[in-house]
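Student: I am attaching a structure below and will ask some questions about it afterwards.
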Amino acid sequence: VRQLNSQDRVGLGWRDALAASIFSHLDAIEVVEVIADDYFDASARVLRSLRSLGTHVPVVLHGVTLGLASTVAVAVDRLDRLAKVVNALEPTMWSEHLAFVRGGSYEIGHLAAPPRNPRTVDGALRNIALARSVVGQTLALENIATLIDPPDSSMTEPDWVAGIAAGSGSALLLDLHNLYANAVNFGHDPCLYLQSFPLERVRLVHISGGRWIHFESVAHGVSARRLLDDHLHDVPDVVFSMLRILGERCAQPLTVILERDGSYPDFAVLLEQLLRARQALAAGRRSVVHLKEIDELATI
Ligand SMILES: [Fe+2]
């Protein structure tokens with residue numbers, strides 16, 4: 001088990017505001033994640049400098065605007081632009097969300113959850129096959145956070161994600177804060193909800209923080225609170241507990257990325273969260289070794 005997981009990596013999202021600090025702390029950062037869409041219109045010179053980043057630290061690439069989970073086909077020109085960044089950077093893996101982001105010519109402006117039913121499973125499978133044919137094979141699919149239970153759904157979120165991952169043979173990028181938000185917003189225990197996902201497919205993991213929001217609809221007589229995944233706050237304790245469970249349940253190496261998109265604290269605070277992530281993952285790995293030792297003793 002120790003040997004299998006010696007390839008675990010913990011790092012953070014590459015952001016312009018963090019670039020200088022990342023470069024001066026590469027001894028504590030094992031991987032960075034670059035947002036592909038930020039470089040869709042980049043010049044050859046900028047792409048070359050981005051490629052040089054990969055000589056200092058392993059890089060994974062993350063897409064945000066393909067809209068894979070849709071019955072509408074992904075535009076090939078978007079895939080061509082993504083392929084250009086993938087070819088320039090040669091990341092160890094690229095990822096995209098299981099979300100839709102536009103309807104017709106209208107851009108929603110955020111990652112929206114489609115109805116979870118066989119039609120959107122089929123649409124996602126067609127789009128993933130198209131994306132692979134243009135961009136390449138090393139795709140991981142990310143679960144998203146949603147504030148509403150998507151109407152017209154006939155499948156649970158774990159079954160829907162599992163169906164698309166199995167049907168496409170894809171790895172998963174499991175976003176633990178997205179999963180936590182959906183669990184608490186819709187009445188599930190986060191740690192049990194985590195274990196209903198196909199954890200054997202997880203290769204990448206996101207951790208981040210969010211905040212509680214309250215809303216009221218006088219017209220509908222509804223008052224509720226929801227956890228919003230905003231990437232602007234520190235990682236809550238429960239997410240580290242979930243990461244420990246992943247360390248226990250996953251035999252495969254995991255790459256963990258801290259996502260922070262603004263309200264940046266002192267960089268030491270982000271390094272502390274990377275350290276806690278490393279410790280949580282290691283604690284999960286150790287408990288597996290411990291259980292194996294108990295198992296072996298029991299057979300003596
Ligand atoms: Fe994420």
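Lettering and numbering for the structure tokens are positional, with chains as A, B, ... in the shown order, residues counted from 1 in each chain, and ligands counted from 1 in the shown order.
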DSSP on the backbone, then: every residue of stretch 163-211 of chain A marked strand (DSSP E), written as a ChimeraX atom specification.
Tutor: /A:171-175,202-207,211
Student: Enumerate residues in contact with ligand 1: an atom-to-atom distance of at most 8 Å, counting only C-alpha atoms and all ligand atoms. Format the result as an MDAnalysis selection string.
Tutor: chainID A and resid 142:144 173:178 205:208 259
Student: Put those residues in a file: N, CA, C and O atoms, as a PDB file, in the first residue's frame.
Tutor:
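Below is the file selection.pdb, written as the result:
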```pdb
ATOM      1  N   GLU A 142     -15.418  16.026 -13.504  1.00  0.00           N
ATOM      2  CA  GLU A 142     -15.622  16.589 -12.163  1.00  0.00           C
ATOM      3  C   GLU A 142     -17.107  16.723 -11.819  1.00  0.00           C
ATOM      4  O   GLU A 142     -17.898  17.254 -12.602  1.00  0.00           O
ATOM      5  N   ASN A 143     -17.451  16.287 -10.595  1.00  0.00           N
ATOM      6  CA  ASN A 143     -18.795  16.536 -10.031  1.00  0.00           C
ATOM      7  C   ASN A 143     -18.924  18.004  -9.665  1.00  0.00           C
ATOM      8  O   ASN A 143     -17.961  18.620  -9.207  1.00  0.00           O
ATOM      9  N   ILE A 144     -20.115  18.579  -9.856  1.00  0.00           N
ATOM     10  CA  ILE A 144     -20.282  20.012  -9.557  1.00  0.00           C
ATOM     11  C   ILE A 144     -21.201  20.224  -8.352  1.00  0.00           C
ATOM     12  O   ILE A 144     -21.943  19.311  -7.954  1.00  0.00           O
ATOM     13  N   LEU A 173     -12.527  13.433 -11.345  1.00  0.00           N
ATOM     14  CA  LEU A 173     -11.985  14.475 -10.481  1.00  0.00           C
ATOM     15  C   LEU A 173     -13.070  14.687  -9.431  1.00  0.00           C
ATOM     16  O   LEU A 173     -14.126  15.243  -9.747  1.00  0.00           O
ATOM     17  N   LEU A 174     -12.834  14.209  -8.220  1.00  0.00           N
ATOM     18  CA  LEU A 174     -13.858  14.334  -7.180  1.00  0.00           C
ATOM     19  C   LEU A 174     -13.618  15.628  -6.410  1.00  0.00           C
ATOM     20  O   LEU A 174     -12.593  15.773  -5.730  1.00  0.00           O
ATOM     21  N   ASP A 175     -14.543  16.571  -6.554  1.00  0.00           N
ATOM     22  CA  ASP A 175     -14.452  17.824  -5.799  1.00  0.00           C
ATOM     23  C   ASP A 175     -15.149  17.611  -4.468  1.00  0.00           C
ATOM     24  O   ASP A 175     -16.378  17.484  -4.408  1.00  0.00           O
ATOM     25  N   LEU A 176     -14.352  17.564  -3.387  1.00  0.00           N
ATOM     26  CA  LEU A 176     -14.925  17.213  -2.085  1.00  0.00           C
ATOM     27  C   LEU A 176     -15.796  18.334  -1.521  1.00  0.00           C
ATOM     28  O   LEU A 176     -16.758  18.058  -0.804  1.00  0.00           O
ATOM     29  N   HIS A 177     -15.492  19.594  -1.828  1.00  0.00           N
ATOM     30  CA  HIS A 177     -16.362  20.660  -1.317  1.00  0.00           C
ATOM     31  C   HIS A 177     -17.674  20.718  -2.098  1.00  0.00           C
ATOM     32  O   HIS A 177     -18.733  20.977  -1.525  1.00  0.00           O
ATOM     33  N   ASN A 178     -17.626  20.456  -3.403  1.00  0.00           N
ATOM     34  CA  ASN A 178     -18.873  20.357  -4.174  1.00  0.00           C
ATOM     35  C   ASN A 178     -19.745  19.241  -3.611  1.00  0.00           C
ATOM     36  O   ASN A 178     -20.967  19.396  -3.450  1.00  0.00           O
ATOM     37  N   VAL A 205      -8.488  15.196  -7.092  1.00  0.00           N
ATOM     38  CA  VAL A 205      -9.373  15.646  -6.010  1.00  0.00           C
ATOM     39  C   VAL A 205      -9.250  17.158  -5.891  1.00  0.00           C
ATOM     40  O   VAL A 205      -8.136  17.699  -5.967  1.00  0.00           O
ATOM     41  N   HIS A 206     -10.388  17.838  -5.744  1.00  0.00           N
ATOM     42  CA  HIS A 206     -10.381  19.265  -5.425  1.00  0.00           C
ATOM     43  C   HIS A 206     -10.815  19.463  -3.986  1.00  0.00           C
ATOM     44  O   HIS A 206     -11.740  18.790  -3.514  1.00  0.00           O
ATOM     45  N   ILE A 207     -10.166  20.398  -3.302  1.00  0.00           N
ATOM     46  CA  ILE A 207     -10.632  20.846  -1.986  1.00  0.00           C
ATOM     47  C   ILE A 207     -10.741  22.375  -2.035  1.00  0.00           C
ATOM     48  O   ILE A 207      -9.983  23.036  -2.753  1.00  0.00           O
ATOM     49  N   SER A 208     -11.710  22.919  -1.314  1.00  0.00           N
ATOM     50  CA  SER A 208     -11.880  24.382  -1.287  1.00  0.00           C
ATOM     51  C   SER A 208     -12.819  24.724  -0.141  1.00  0.00           C
ATOM     52  O   SER A 208     -13.194  23.847   0.647  1.00  0.00           O
ATOM     53  N   GLU A 259      -8.278  24.667  -4.440  1.00  0.00           N
ATOM     54  CA  GLU A 259      -8.806  25.712  -5.326  1.00  0.00           C
ATOM     55  C   GLU A 259      -9.068  26.973  -4.507  1.00  0.00           C
ATOM     56  O   GLU A 259      -9.865  26.957  -3.563  1.00  0.00           O
TER      57      GLU A 259
END
```
Student: Would you compute the distance between atom CA of A:Gly104 and atom CA of A:Leu147? Give it in Å to one decimal.
Tutor: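 Interatomic distance, atom CA of A:Gly104 to atom CA of A:Leu147: 22.4 Å.
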Student: Skipping near chain neighbours, those fewer than 3 positions away, what residues fall within 8 Å of A:Thr255 using only C-alpha atoms, listed as a PDB file with C-alpha atoms, in the first residue's frame?
Tutor:
```pdb
ATOM      1  CA  ASP A   8       0.161  10.950  -4.142  1.00  0.00           C
ATOM      2  CA  ARG A   9       0.573  14.666  -4.837  1.00  0.00           C
ATOM      3  CA  VAL A  10      -0.807  17.768  -3.145  1.00  0.00           C
ATOM      4  CA  GLY A  11      -0.740  21.222  -4.716  1.00  0.00           C
ATOM      5  CA  VAL A  31       1.630  19.859  -8.498  1.00  0.00           C
ATOM      6  CA  ARG A 203      -7.552  10.189  -9.823  1.00  0.00           C
ATOM      7  CA  LEU A 204      -7.846  13.910  -9.049  1.00  0.00           C
ATOM      8  CA  VAL A 205      -9.373  15.646  -6.010  1.00  0.00           C
TER       9      VAL A 205
END
```
Student: For atom CA of A:Val134 and atom CA of A:Trp94, quote the distance in Å rounded to one decimal.
Tutor: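 Distance reported for this atom pair: 12.9 Å.
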Student: For stretch 19-24 of chain A, find every residue with an atom within 10 Å (counting only C-alpha atoms), except residues of its own chain fewer than 3 positions away, and show them as a list in words.
Tutor: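 Final neighbour list, sorted by chain and number: Gly11, Leu12, Gly13, Trp14, Arg15, Asp16, Asp27, Ala28, Ile29, Val32, Leu53, His56, Val57, Asp266, Phe267, Ala268 and Leu271 of chain A.
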Student: Store the residues of this selection in a file with N, CA and C atoms, as a PDB file, in the first residue's frame.
Tutor:
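Here's the written file selection_37.pdb:
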```pdb
ATOM      1  N   GLY A  11      -1.162  19.917  -4.212  1.00  0.00           N
ATOM      2  CA  GLY A  11      -0.740  21.222  -4.716  1.00  0.00           C
ATOM      3  C   GLY A  11      -1.921  22.164  -4.839  1.00  0.00           C
ATOM      4  N   LEU A  12      -1.779  23.215  -5.641  1.00  0.00           N
ATOM      5  CA  LEU A  12      -2.871  24.184  -5.727  1.00  0.00           C
ATOM      6  C   LEU A  12      -3.041  24.756  -7.126  1.00  0.00           C
ATOM      7  N   GLY A  13      -4.158  25.457  -7.282  1.00  0.00           N
ATOM      8  CA  GLY A  13      -4.498  26.039  -8.572  1.00  0.00           C
ATOM      9  C   GLY A  13      -3.575  27.199  -8.902  1.00  0.00           C
ATOM     10  N   TRP A  14      -3.094  27.217 -10.158  1.00  0.00           N
ATOM     11  CA  TRP A  14      -2.227  28.289 -10.648  1.00  0.00           C
ATOM     12  C   TRP A  14      -3.083  29.525 -10.903  1.00  0.00           C
ATOM     13  N   ARG A  15      -2.816  30.611 -10.181  1.00  0.00           N
ATOM     14  CA  ARG A  15      -3.516  31.876 -10.394  1.00  0.00           C
ATOM     15  C   ARG A  15      -2.444  32.961 -10.495  1.00  0.00           C
ATOM     16  N   ASP A  16      -2.682  33.970 -11.332  1.00  0.00           N
ATOM     17  CA  ASP A  16      -1.683  35.034 -11.508  1.00  0.00           C
ATOM     18  C   ASP A  16      -1.286  35.646 -10.165  1.00  0.00           C
ATOM     19  N   ASP A  27       9.151  23.784  -2.981  1.00  0.00           N
ATOM     20  CA  ASP A  27       9.514  22.642  -2.127  1.00  0.00           C
ATOM     21  C   ASP A  27       8.299  22.101  -1.375  1.00  0.00           C
ATOM     22  N   ALA A  28       7.217  22.901  -1.265  1.00  0.00           N
ATOM     23  CA  ALA A  28       6.025  22.474  -0.532  1.00  0.00           C
ATOM     24  C   ALA A  28       4.821  22.269  -1.456  1.00  0.00           C
ATOM     25  N   ILE A  29       5.054  22.370  -2.778  1.00  0.00           N
ATOM     26  CA  ILE A  29       3.948  22.264  -3.751  1.00  0.00           C
ATOM     27  C   ILE A  29       4.329  21.196  -4.776  1.00  0.00           C
ATOM     28  N   VAL A  32       0.683  21.714  -9.775  1.00  0.00           N
ATOM     29  CA  VAL A  32      -0.211  22.870  -9.947  1.00  0.00           C
ATOM     30  C   VAL A  32      -1.236  22.544 -11.031  1.00  0.00           C
ATOM     31  N   LEU A  53       6.684  26.160 -17.170  1.00  0.00           N
ATOM     32  CA  LEU A  53       6.211  25.892 -15.804  1.00  0.00           C
ATOM     33  C   LEU A  53       6.314  24.396 -15.499  1.00  0.00           C
ATOM     34  N   HIS A  56       9.352  22.870 -13.914  1.00  0.00           N
ATOM     35  CA  HIS A  56       9.593  23.121 -12.487  1.00  0.00           C
ATOM     36  C   HIS A  56       8.711  22.261 -11.584  1.00  0.00           C
ATOM     37  N   VAL A  57       7.495  21.939 -12.061  1.00  0.00           N
ATOM     38  CA  VAL A  57       6.526  21.252 -11.204  1.00  0.00           C
ATOM     39  C   VAL A  57       5.530  20.521 -12.122  1.00  0.00           C
ATOM     40  N   ASP A 266      -2.740  35.312   3.643  1.00  0.00           N
ATOM     41  CA  ASP A 266      -1.290  35.168   3.584  1.00  0.00           C
ATOM     42  C   ASP A 266      -0.967  33.792   2.998  1.00  0.00           C
ATOM     43  N   PHE A 267       0.082  33.719   2.189  1.00  0.00           N
ATOM     44  CA  PHE A 267       0.371  32.449   1.512  1.00  0.00           C
ATOM     45  C   PHE A 267       0.640  31.324   2.513  1.00  0.00           C
ATOM     46  N   ALA A 268       1.120  31.687   3.702  1.00  0.00           N
ATOM     47  CA  ALA A 268       1.368  30.674   4.747  1.00  0.00           C
ATOM     48  C   ALA A 268       0.076  29.934   5.101  1.00  0.00           C
ATOM     49  N   LEU A 271      -0.400  27.337   2.470  1.00  0.00           N
ATOM     50  CA  LEU A 271       0.563  26.244   2.690  1.00  0.00           C
ATOM     51  C   LEU A 271       0.120  25.358   3.856  1.00  0.00           C
TER      52      LEU A 271
END
```
Student: Show which residues sit within 10 Å of A:Leu68, as a VMD selection string. Count only C-alpha atoms, and ignore same-chain residues fewer than 5 positions away.
Tutor: chain A and resid 73 to 74 96 to 101 120 123 to 128 130 to 131 141
Student: Write out as a PyMOL selection string the set of residues from stretch 48-165 of chain A that DSSP, computed on the backbone, places in helix (DSSP H, G or I).
Tutor: chain A and resi 48-53+76-89+118-135+157-165
Student: Counting only C-alpha atoms, which residue out of A:Ala181, A:Val59, A:Val121, A:Leu232 sits closest to A:Pro91?
Tutor: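 Under the stated criterion, the closest residue is A:Val59.
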Student: With distances taken over only C-alpha atoms, which residue among A:Val161, A:Ala36, A:Leu26, A:Leu246 lies nearest A:Arg285?
Tutor: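 Of all the options, A:Leu246 lies closest to A:Arg285.
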Student: So, counting only C-alpha atoms, which residue among A:Ser263, A:Gln273, A:Ser168, A:Gln279 is closest to A:Leu18?
Tutor: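 Looking only at the distances to A:Leu18, the closest residue turns out to be A:Ser263.
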Student: Between atom CA of A:Leu47 and atom CA of A:Leu89, measure the distance and give it in Å to one decimal.
Tutor: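 It comes out at 7.4 Å.
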Student: Check the smallest atom-to-atom distance from each of A:Arg48, A:Arg226, A:Arg81, A:His231 to A:Thr146 using only C-alpha atoms, then report the winner.
Tutor: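 Nearest candidate to A:Thr146 out of A:Arg48, A:Arg226, A:Arg81, A:His231: A:Arg226.
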